[in-house]
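**Student:** Got a structure for you, written out below as structure tokens; questions coming shortly.
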Amino acid sequence: MFLAPADCPFRAADQILKSGSHLGKMIVVDVHAEATSEKIALGRYLDGRVSAVVGSHTHVQTADEAILPKGTAFLTDLGMTGPKDSVLGRDVESVLHKFLTGMPSQFKVATGDVRLEGVLITVDEKTGKATAIKRIQEKIPGS
Ligand SMILES: [Fe+2]
């Protein structure tokens, strides 16, 4: 959704999982997508078939980490690693200039107060099912 042109991620996942034997027990799916509903739906669709489904692209970490009913770890969006005092990692003033004037603007990369965001997922190596998911948000010392 919103990132056309793209193949259907549901059918693409089916196709990859069916082709199967080259895949290990632990399978992590990164859903690089815009719509939270689509990421959540794909997580539910793949529950029990993969170890984890985690979203990316929107840069804002969500707080809905869970082990889904059939054993897949899930988080709608991992967040980003980059400067917190920013607009998605870009310098605030240069982004505001574009919104306020409608004119093209080069988005400078922001600096300082870098945060590392993501998740730590524990997977049972025999079953490939997730047993824990912990959201991570750490300040990088010295940034
Ligand atoms: Fe992206």
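Note on naming: chains are A, B, ... as they come in the structure tokens, residues start from 1 per chain, ligands start from 1 in the order shown.
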Please run DSSP on the backbone and report, as a ChimeraX atom specification, all residues within region 2-125 of chain A that come out as strand (DSSP E).

**Tutor:** /A:28-32,52-56,66-67,73-75,82-83,114-123

**Student:** Residues within 7 Å of region 30-47 of chain A, please, as a VMD selection string. Count only C-alpha atoms; anything in the same chain fewer than 2 positions from it doesn't count.

**Tutor:** chain A and resid 1 to 2 10 28 49 to 50 53 to 58 68 70 to 72 74 76

**Student:** When distances are computed from only C-alpha atoms and all ligand atoms, which of A:Asp77, A:Asp14, A:Asp7, A:Asp64 shows the smallest separation from ligand 1?

**Tutor:**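 Using only C-alpha atoms and all ligand atoms, the shortest distance to ligand 1 belongs to A:Asp77.
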
**Student:** Measuring atom to atom with only C-alpha atoms, identify which of A:Arg90, A:His59, A:Leu75, A:Pro104 is nearest to Leu116 (chain A).

**Tutor:**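 Selected residue with least distance to Leu116 (chain A): A:His59.
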
**Student:** State, in Å with one decimal place, the distance from CA of Asp85 (chain A) to CA of Pro141 (chain A).

**Tutor:**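 Pair CA of Asp85 (chain A) / CA of Pro141 (chain A) returns 15.2 Å.
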
**Student:** Which residue is closest to ligand 1? Choose from A:Met80, A:Cys8, A:Ile67, A:Leu96 and count only C-alpha atoms and all ligand atoms.

**Tutor:**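 For ligand 1, the nearest of the candidates is A:Met80.
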
**Student:** Per residue of region 16-86 of chain A within 6 Å of region 122-129 of chain A, note the shortest atom pair and the distance in Å to one decimal, counting only C-alpha atoms, and order the rows by chain and increasing residue number, as CSV.

**Tutor:**
```
residue,atom,partner,partner_atom,distance
A:Lys25,CA,A:Gly128,CA,4.7
A:Met26,CA,A:Gly128,CA,4.8
A:Ser51,CA,A:Lys129,CA,5.1
A:Gly71,CA,A:Lys129,CA,5.0
```

**Student:** If we count only C-alpha atoms and set the cut-off at 12 Å, which residues sit around Gln106 (chain A), ignoring sequence neighbours fewer than 3 positions away in its own chain? Please answer as a PDB file with C-alpha atoms, in the first residue's frame.

**Tutor:**
```
ATOM      1  CA  ARG A  90      16.622  14.709   8.964  1.00  0.00           C
ATOM      2  CA  ASP A  91      17.366  18.228  10.187  1.00  0.00           C
ATOM      3  CA  VAL A  92      14.166  19.805  11.557  1.00  0.00           C
ATOM      4  CA  GLU A  93      14.640  23.250   9.957  1.00  0.00           C
ATOM      5  CA  SER A  94      15.236  21.919   6.446  1.00  0.00           C
ATOM      6  CA  VAL A  95      12.113  19.736   6.655  1.00  0.00           C
ATOM      7  CA  LEU A  96      10.015  22.602   8.050  1.00  0.00           C
ATOM      8  CA  HIS A  97      11.204  24.837   5.211  1.00  0.00           C
ATOM      9  CA  LYS A  98       9.735  22.395   2.674  1.00  0.00           C
ATOM     10  CA  MET A 103       9.561  24.555  -2.232  1.00  0.00           C
ATOM     11  CA  VAL A 109      21.002  14.697   8.072  1.00  0.00           C
TER      12      VAL A 109
END
```

**Student:** Suppose you want the space between CA of Gly79 (chain A) and CA of Glu117 (chain A); what is it in Å?

**Tutor:**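 Computing it gives 5.6 Å between the two atoms.
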
**Student:** Enumerate the residues of region 33-78 of chain A with a DSSP assignment of helix (DSSP H, G or I), computed from the backbone, and present them as a list of chain:residue names.

**Tutor:** A:Thr36, A:Ser37, A:Glu38, A:Lys39, A:Ile40, A:Ala41, A:Leu42, A:Gly43, A:Arg44, A:Tyr45, A:Leu46

**Student:** Tell me which of A:Val114, A:Pro83, A:Val119, A:Ala66 sits closest to Gly142 (chain A), counting only C-alpha atoms.

**Tutor:**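 With only C-alpha atoms as the atom set, the closest residue is A:Val114.
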
**Student:** With a distance cut-off of 10 Å and only C-alpha atoms, select the neighbouring residues of Leu120 (chain A), excluding the residue or stretch itself and same-chain residues fewer than 5 positions from it, and output the selection as a list in words.

**Tutor:**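 So the residues in contact are Ala73, Ala132, Ile133, Lys134, Arg135 and Ile136 of chain A.
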
**Student:** Go through A:Ile16, A:Ala130, A:Val60, A:Leu23 and flag the residue nearest ligand 1, using only C-alpha atoms and all ligand atoms for the distances.

**Tutor:** A:Val60
